[in-house]
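Step one of this worksheet: look at the structure below.
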Amino acid sequence: MANKYVTVTAPVNIATLKYWGKRDRFLNLPTNSSISVTLSQDDLKTTTSVCYSKNFESDALYLNGNEESLSSPRQQSCLKLLRKCRIEKEEQDPSLDKIASLPLHIVSVNNFPTAAGLASSAAGYAAMVYSIAKLYQLDLDRSELSKIARQGSGSACRSLYGGFVAWEMGSLDNGSDSKAVQIAPRAHWPGIRAAILVVSAAKKEVPSTGGMQLTVKTSDLFDYRVKQVVPARYEEMKKAILAKDFGVFAELTMKDSNSFHAVCLDSYPPIFYMNDTSKRIVKVITTINEAYGRNVAAYTFDAGPNAVIYYEEKDEDIVLGTLHEFFGSVPGWAKKSGKSFSVPRKFPIEKFDHDVFSKGVSRVILTSVGEGPTLVPESILNPDTGLPK
Ligand code: DP6
């Protein structure tokens, strides 16, 4: 039996309706449904090659060139679930190679700097689950695979699809109805752009899992958020995406970021993810929107100070013109080389202290809505040794 291998790439997703709170910590079942935009793999992706061999001693993982442990309960549940599916397949069709129990080598790299502090676990788990499913030739659709990736990291389930994605929270205790579904593919609204402003954090943030647990346990506002606010917003946001109504989509996105950070602040002791730089970015975005009398851009913040700004391609000059005025000296603009940016006419630049407002951002990543996990031909693993190439 030859050593078989496959390689896939998987995207990052950034939520516009946030997942925050678990009703089951082990199965990663959320307390509310969420929505995200999948970002282009041209700018942010994880590439993963997997290979099985009877000659390997045990399962192994190489991340960005270094061997890493594969022993976390989350990694183990994903591996176990994928192997269980392969075993069932081999039992149904005895002519298939018996590969379910053979050791796997997983080699994974990110095309973006880990130091950027961008959540890479979503792309990482999506790539791992999708690649092993392909290697095992499992007949499971992306929604089914999303349930496996969910157990690695909640937000990872949304990275199984491109475009605009919902994670339906489900209601069953075993999690079999808690899965990602596609609201609309990339091609439905390809003009959506995202500018990521990487904000240097002075101290380590509270990891999402622990932060969520604290919010669920101690925040009085949390109950209101998950019972009243999110269910209505979830329906409205889906509608806005289907109607390509950026004004509504942007308002809901900003409000939901605010609501998520409000329940963090309402946790006891409070959790602060946004810092002064994040707050100044909010001011810049709301000022653009006020100046134009419509929502030209939307900010959103996850469990850290980085900002993601969504906008439409047609408004690129307004949004990037403003951001370039403040953050034009940091890396990340090369993609737009040759383009000259200027502060949009209506932006009241005189009201901003340039020195203060241009501080705290260390790089920008200019990207757009993108596609889901994809099989690619080039392997990053040597199938004979199982080691990174
Ligand atoms: C703020 O998916 O990282 O980014 O399920 O514990 O791994 P775990 O949490 P994770 O949480 C993401 C939280 C968020 C919002 C979101 O992506 O929806």
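We name chains A, B, ... following the order of the structure tokens; residues begin at 1 in each chain, and ligands are numbered from 1 as shown.
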
Could the residues that lie within 8 Å of ligand 1, counting only C-alpha atoms and all ligand atoms, be listed as a ChimeraX atom specification?
-> /A:13-20,22,25,28,34-36,119,121-122,150-156,207-210,212,260,301-303

Distance query stretch 38-54 of chain A at most 8 Å, only C-alpha atoms, self and fewer than 3 positions along chain excluded, as a VMD selection string | chain A and resid 2 to 14 57 99 102 to 112 120 123 to 124 127 to 128 131 to 132 135 158 to 159 161 to 165 194 365 to 372 379 to 381 383 386

Option closest in space to A:Gln213, from A:Tyr292, A:Ile271, A:Leu387, A:Asp353 [counting only C-alpha atoms] |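 Going through A:Tyr292, A:Ile271, A:Leu387, A:Asp353 one by one, the smallest distance to A:Gln213 is for A:Ile271.
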
Between atom CA of A:Ser69 and atom CA of A:Leu375 - distance in Å to one decimal =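 For atom CA of A:Leu375 relative to atom CA of A:Ser69, the distance reads 25.0 Å.
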
Measure the distance from atom CA of A:Leu61 to atom CA of A:Asn306 in Å and round it to one decimal.
->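 These two atoms are separated by 28.3 Å.
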
Using only C-alpha atoms, determine which residues lie at most 9 Å from A:Val229, disregarding the query and same-chain residues fewer than 4 positions distant; provide the list as a PDB file with N, CA and C atoms, in the first residue's frame.
```pdb
ATOM      1  N   TYR A 224     -29.835  38.740  28.096  1.00  0.00           N
ATOM      2  CA  TYR A 224     -30.582  39.623  27.195  1.00  0.00           C
ATOM      3  C   TYR A 224     -30.002  39.524  25.781  1.00  0.00           C
ATOM      4  N   ARG A 225     -28.663  39.520  25.708  1.00  0.00           N
ATOM      5  CA  ARG A 225     -28.019  39.421  24.381  1.00  0.00           C
ATOM      6  C   ARG A 225     -28.439  38.145  23.654  1.00  0.00           C
ATOM      7  N   ARG A 233     -31.367  39.831  15.341  1.00  0.00           N
ATOM      8  CA  ARG A 233     -30.272  40.342  14.500  1.00  0.00           C
ATOM      9  C   ARG A 233     -29.805  39.292  13.485  1.00  0.00           C
ATOM     10  N   TYR A 234     -29.861  38.046  13.893  1.00  0.00           N
ATOM     11  CA  TYR A 234     -29.450  36.938  13.020  1.00  0.00           C
ATOM     12  C   TYR A 234     -30.327  36.924  11.761  1.00  0.00           C
ATOM     13  N   ASP A 256     -23.320  44.594  16.683  1.00  0.00           N
ATOM     14  CA  ASP A 256     -23.048  43.313  17.329  1.00  0.00           C
ATOM     15  C   ASP A 256     -21.652  43.267  17.930  1.00  0.00           C
ATOM     16  N   SER A 259     -22.126  44.994  21.145  1.00  0.00           N
ATOM     17  CA  SER A 259     -22.863  44.167  22.112  1.00  0.00           C
ATOM     18  C   SER A 259     -21.955  43.093  22.710  1.00  0.00           C
TER      19      SER A 259
END
```

Counting only C-alpha atoms, figure out which residue out of A:Ser95, A:Pro305, A:Thr277, A:Ser342 gets nearest to A:Ile318.
->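 Closest candidate: A:Ser342.
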
Using only C-alpha atoms, which residues sit within 9 Å of A:Thr286 once same-chain residues fewer than 3 positions away are excluded, as an MDAnalysis selection string?
-> chainID A and resid 281:283 289:291 295 297:299

Give the strand (DSSP E or B) residues of stretch 37-281 of chain A, as DSSP finds them on the backbone, and put them as a PyMOL selection string.
-> chain A and resi 37-39+45-52+60-63+66-68+104-110+164-168+179-184+192-199

Give me, please, the distance in Å between atom CA of A:Ala184 and atom CA of A:Glu312, quoted to one decimal.
-> 16.3 Å

Please report, as CSV, each residue of stretch 306-341 of chain A lying at most 10 Å from stretch 247-253 of chain A, together with the nearest pair of atoms and the separation in Å rounded to one decimal; use only C-alpha atoms, and order rows by chain and ascending residue number.
```
residue,atom,partner,partner_atom,distance
A:Ile309,CA,A:Ala250,CA,9.6
A:Tyr310,CA,A:Ala250,CA,7.7
A:Tyr311,CA,A:Ala250,CA,8.2
```

Which one of A:Val198, A:Leu265, A:Val343, A:Ala243 sits closest to A:Val361 if you count only C-alpha atoms?
-> A:Val198

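Distances here use only C-alpha atoms; by that measure, the residue among A:Gly321, A:Pro388, A:Pro373, A:Pro348 closest to A:Ser146 is A:Pro373.
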
Surrounding residues of A:Lys89 excluding itself and chain neighbours under 4 positions, 8 Å, only C-alpha atoms, as a list in words =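 The residues that qualify are Cys85, Asp93 and Leu138 of chain A.
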
List every residue of stretch 312-357 of chain A that DSSP, applied to the backbone of this structure, assigns to alpha helix (DSSP H), and report them as a PDB file with C-alpha atoms, in the first residue's frame.
```pdb
ATOM      1  CA  GLU A 316     -12.537  51.912  -1.608  1.00  0.00           C
ATOM      2  CA  ASP A 317     -11.212  55.428  -2.243  1.00  0.00           C
ATOM      3  CA  ILE A 318     -13.142  56.820   0.714  1.00  0.00           C
ATOM      4  CA  VAL A 319     -12.252  54.054   3.172  1.00  0.00           C
ATOM      5  CA  LEU A 320      -8.655  53.392   2.187  1.00  0.00           C
ATOM      6  CA  GLY A 321      -8.033  57.102   1.597  1.00  0.00           C
ATOM      7  CA  THR A 322      -8.936  57.739   5.232  1.00  0.00           C
ATOM      8  CA  LEU A 323      -7.113  54.718   6.679  1.00  0.00           C
ATOM      9  CA  HIS A 324      -4.012  55.501   4.605  1.00  0.00           C
ATOM     10  CA  GLU A 325      -3.938  59.029   6.008  1.00  0.00           C
ATOM     11  CA  PHE A 326      -3.502  57.603   9.514  1.00  0.00           C
ATOM     12  CA  PHE A 327      -1.764  54.259   8.940  1.00  0.00           C
ATOM     13  CA  HIS A 354      -2.848  62.987  13.592  1.00  0.00           C
ATOM     14  CA  ASP A 355      -0.011  61.977  15.948  1.00  0.00           C
ATOM     15  CA  VAL A 356      -2.406  60.409  18.433  1.00  0.00           C
ATOM     16  CA  PHE A 357      -4.673  58.734  15.881  1.00  0.00           C
TER      17      PHE A 357
END
```

Identify which of the residues A:His261, A:Lys217, A:Lys147, A:Lys351 lies closest to A:Ser176, counting only C-alpha atoms when measuring atom-to-atom distances.
-> A:Lys147
